[in-house]
Amino acid sequence: MSDNPTISRKTASLLTVTDSAKKLFQIIYKRKNKADNEDDTPKIKVSEIISKMAFFYEKIRNSVDYKEDHLLRKNAIQRILKRCIVIEGAIREQKPEEIAKHLLTELIRAAYLPNNSIKETKIDEVAITISKYIKFKKICLQKFNNDSKKKDKAVKWILALAASEIEEKLSSNLVVQKIISDAYELLNTNIKFPELYQKDKEIQIYIGIHKIYLKFDRDMLEYQLFKYFVADWSIAKDEEILNVVNNLDQLRLSIDQQINHPLTIQLTKIINQYTVFYSILCDVIEDDPVKVYEELREDPISFKRLIKKFCNKRYQLASTRLKRAAVRSIIYIFLTKMVLVVLLEVPMTSWFGEMLDYTSLAINIGFPPLLLLIIVLFTRMPSDKNSARIVDGIEEIVFEEKQRREPYELRQPVKRGRVSNTIFSILYAITFFVTFGLVVWFLRKINFTFVSIVIFLFFVTLVSFFGIIIKKMTKEMLVIEKKENIFSLIIDFFFTPVIAVGKWLNEKFSHINVFVFVLDFIIEAPFKIFVEIAEDWTKYIRERKEEIE
């Protein structure tokens, strides 16, 4: 398209803005220009000074229990529910209203919710949800009375569902709801499923959008599927809850089948592209809805430049988040894994009758952060070609004439035969032993002891896995296929077993976190009681002062 303004305006007259894009502009404009009308509805208010203690406590806890930022509030809700319903509930049963008030107050103190903004009526709304899950828990425990393993598993799952539902109630956002609705309609039209899986198309697209766009974890996805299979769950009564418990095994099997659907990988690639398109489009509109709307109708060239400008802003933000995540990962690994293992190196080395080598000890301490730093430094930001594809994708959303004509056709996954699987498994095993064999050989050459080698491999695999996780922050912005070369293929060939072991270790050892155990079961409850008393004391002092004045 020419840069000539006359041609741009002429071309623009041929382009029609879609109705869904117009409505998105309207919603963002209304939100941006919404007046902060104060009403007389009582709000939940906490002491700003006392809240700082709870805020810093959450910061400390999140450092030793690595979770992605967007999951912190949901995980905090689940942790508070566990303490109130399971731990403290075993001593004294609290009313749902008490738990709801306590939950919202704690979330405000920890800065997960704004102070003096949440209406007190929200307590009753959350209490209804908590009451439903308490009944759900009681009926489950009665059913699994003689099976402690099933009881523990059921309680954990119920708390995860409860936390996900409460998080959803606290996350109402008209813009997000509009994007989810638009993306669903667009993708449902533009994606063609194989006949065998046609019945799963709608739910797979729906949960795929929540997984990619909203970054839902498995617990939150399971809750979305739970609602899908139990249509009236939001208003479920005792009879409906009992029916759910009686069919719990089949329900969980159906949820697992949808979570682990054969088409998930193919679908994820497509949804990820549209997630980027909608995210950048929102950034562009948020900047100045009226000006942007005029530009996209009168000067498409200027609109394209604006999209590319916000693409670069997103890339810079991803770079900043990448570095911050790397620091958090190092702190997490150091506090939860490195201190304990390194402290064990000296006695274990003596127990095996070997001499402690301070060089190997220094390498075990210094190399993991260095490796993560290298991973971050060699992570490239998306290219201009990526930005150009984003421009095309946004125009597809915004202009009727640019809409996609040919649907994406998902292929039915080809199942490998037993012989192929056996051969590939053997080749992968050879890769595994070659990779770790070379590392062990090299470490022995520089006089590493058996214990030092185990510690080195432990941290290198963990750091490699965390490196892949934090690199996803830049990959999320990629909408074009990355070209492979012989160098990247060789690295993947030898590096994949290392990452696989790191993932396995993280899953196994994430449950063995002494710091989290100490914070959750020894420090948190007394600390929260102290915060409650401190807040009551400040209220008392304030009341006394008002009486004097």
# chains A, B, ... in the order shown; residues from 1 in each chain; ligands from 1
$ residues_around --residues "A:Glu400" --least-positions-apart "3" --cutoff "9 Å" --atoms "only C-alpha atoms" --output "PyMOL selection string"
chain A and resi 15-19+395-397+403
$ select_by_dssp --residues "stretch 2-229 of chain A" --states "alpha helix (DSSP H)" --output "ChimeraX atom specification"
/A:5-12,19-32,48-64,72-81,96-109,121-143,148-169,174-190,201-212,218-229
$ residues_around --residues "stretch 20-22 of chain A" --least-positions-apart "3" --cutoff "10 Å" --atoms "only C-alpha atoms" --output "JSON, numbers by chain"
{"A": [17, 25, 26, 27, 178, 179, 181, 182, 281, 293, 397, 398, 399, 400]}
$ residues_around --residues "A:Lys308" --least-positions-apart "4" --cutoff "7 Å" --atoms "only C-alpha atoms" --output "ChimeraX atom specification"
/A:304,312,387
$ write_last_selection --atoms "C-alpha atoms" --output "PDB file, in the first residue's frame"
ATOM      1  CA  LYS A 304      -0.315   0.116  11.046  1.00  0.00           C
ATOM      2  CA  ASN A 312       7.768  -2.888  20.323  1.00  0.00           C
ATOM      3  CA  SER A 387       5.242  -7.365  13.955  1.00  0.00           C
TER       4      SER A 387
END
$ atom_distance --atom1 "atom CA of A:Ser488" --atom2 "atom CA of A:Thr431"
15.6 Å
$ atom_distance --atom1 "atom CA of A:Phe432" --atom2 "atom CA of A:Lys415"
23.7 Å
$ residues_around --residues "A:Phe216" --least-positions-apart "5" --cutoff "10 Å" --atoms "only C-alpha atoms" --output "ChimeraX atom specification"
/A:70-71,164,207-211,221-222,224
$ residues_around --residues "A:Glu202" --least-positions-apart "4" --cutoff "9 Å" --atoms "only C-alpha atoms" --output "number ranges by chain"
A: 184, 188, 198, 206-207
$ write_last_selection --atoms "N, CA and C atoms" --output "PDB file, in the first residue's frame"
ATOM      1  N   TYR A 184     -13.826 -16.294  20.723  1.00  0.00           N
ATOM      2  CA  TYR A 184     -14.526 -17.574  20.613  1.00  0.00           C
ATOM      3  C   TYR A 184     -15.324 -17.644  19.315  1.00  0.00           C
ATOM      4  N   ASN A 188     -14.253 -20.155  16.393  1.00  0.00           N
ATOM      5  CA  ASN A 188     -15.240 -21.207  16.132  1.00  0.00           C
ATOM      6  C   ASN A 188     -15.622 -21.239  14.652  1.00  0.00           C
ATOM      7  N   GLN A 198     -15.306 -33.505  16.319  1.00  0.00           N
ATOM      8  CA  GLN A 198     -16.180 -32.356  16.084  1.00  0.00           C
ATOM      9  C   GLN A 198     -17.008 -32.004  17.324  1.00  0.00           C
ATOM     10  N   TYR A 206     -13.070 -22.917  23.758  1.00  0.00           N
ATOM     11  CA  TYR A 206     -13.387 -22.093  24.935  1.00  0.00           C
ATOM     12  C   TYR A 206     -12.299 -22.210  26.005  1.00  0.00           C
ATOM     13  N   ILE A 207     -11.933 -23.433  26.377  1.00  0.00           N
ATOM     14  CA  ILE A 207     -10.914 -23.569  27.424  1.00  0.00           C
ATOM     15  C   ILE A 207      -9.524 -23.213  26.886  1.00  0.00           C
TER      16      ILE A 207
END
$ closest_residue --among "A:Ala54, A:Ile241, A:Leu427, A:Leu478" --to "A:Val276" --atoms "only C-alpha atoms"
A:Leu478
$ atom_distance --atom1 "atom CA of A:Phe450" --atom2 "atom CA of A:Phe494"
22.3 Å
$ residues_around --residues "A:Val244" --least-positions-apart "4" --cutoff "10 Å" --atoms "only C-alpha atoms" --output "JSON, numbers by chain"
{"A": [136, 139, 140, 226, 229, 230, 233, 236, 238, 239, 240, 248, 249, 250, 251]}
$ write_last_selection --atoms "N, CA and C atoms" --output "tab-separated table (two decimals), in the first residue's frame"
chain	number	residue	atom	x	y	z
A	136	PHE	N	-20.01	-29.57	49.77
A	136	PHE	CA	-19.37	-30.47	48.81
A	136	PHE	C	-18.30	-31.31	49.51
A	139	ILE	N	-19.87	-33.97	52.06
A	139	ILE	CA	-20.47	-35.13	51.40
A	139	ILE	C	-19.38	-36.04	50.84
A	140	CYS	N	-18.31	-35.43	50.30
A	140	CYS	CA	-17.19	-36.23	49.77
A	140	CYS	C	-16.51	-37.03	50.88
A	226	PHE	N	-15.58	-28.07	34.81
A	226	PHE	CA	-16.54	-28.49	35.84
A	226	PHE	C	-17.88	-27.78	35.62
A	229	PHE	N	-19.69	-29.27	32.53
A	229	PHE	CA	-20.34	-30.57	32.74
A	229	PHE	C	-21.44	-30.50	33.80
A	230	VAL	N	-21.35	-29.54	34.71
A	230	VAL	CA	-22.39	-29.36	35.74
A	230	VAL	C	-23.00	-27.98	35.51
A	233	TRP	N	-24.13	-25.42	38.37
A	233	TRP	CA	-23.29	-25.43	39.55
A	233	TRP	C	-23.31	-24.10	40.32
A	236	ALA	N	-26.13	-24.41	42.64
A	236	ALA	CA	-26.34	-25.80	43.06
A	236	ALA	C	-26.84	-25.89	44.49
A	238	ASP	N	-28.30	-28.79	47.68
A	238	ASP	CA	-27.81	-30.03	48.28
A	238	ASP	C	-27.99	-31.24	47.36
A	239	GLU	N	-29.12	-31.32	46.68
A	239	GLU	CA	-29.40	-32.46	45.82
A	239	GLU	C	-28.42	-32.52	44.64
A	240	GLU	N	-28.15	-31.34	44.06
A	240	GLU	CA	-27.23	-31.28	42.93
A	240	GLU	C	-25.80	-31.62	43.37
A	248	LEU	N	-18.65	-38.49	40.73
A	248	LEU	CA	-17.38	-37.76	40.76
A	248	LEU	C	-16.30	-38.40	39.89
A	249	ASP	N	-16.18	-39.71	39.94
A	249	ASP	CA	-15.14	-40.40	39.17
A	249	ASP	C	-15.32	-40.18	37.67
A	250	GLN	N	-16.53	-40.33	37.19
A	250	GLN	CA	-16.80	-40.14	35.77
A	250	GLN	C	-16.60	-38.67	35.37
A	251	LEU	N	-16.99	-37.77	36.26
A	251	LEU	CA	-16.84	-36.34	35.99
A	251	LEU	C	-15.37	-35.97	35.85
$ closest_residue --among "A:Cys84, A:Leu462, A:Ile486, A:Val175" --to "A:Ile285" --atoms "only C-alpha atoms"
A:Val175
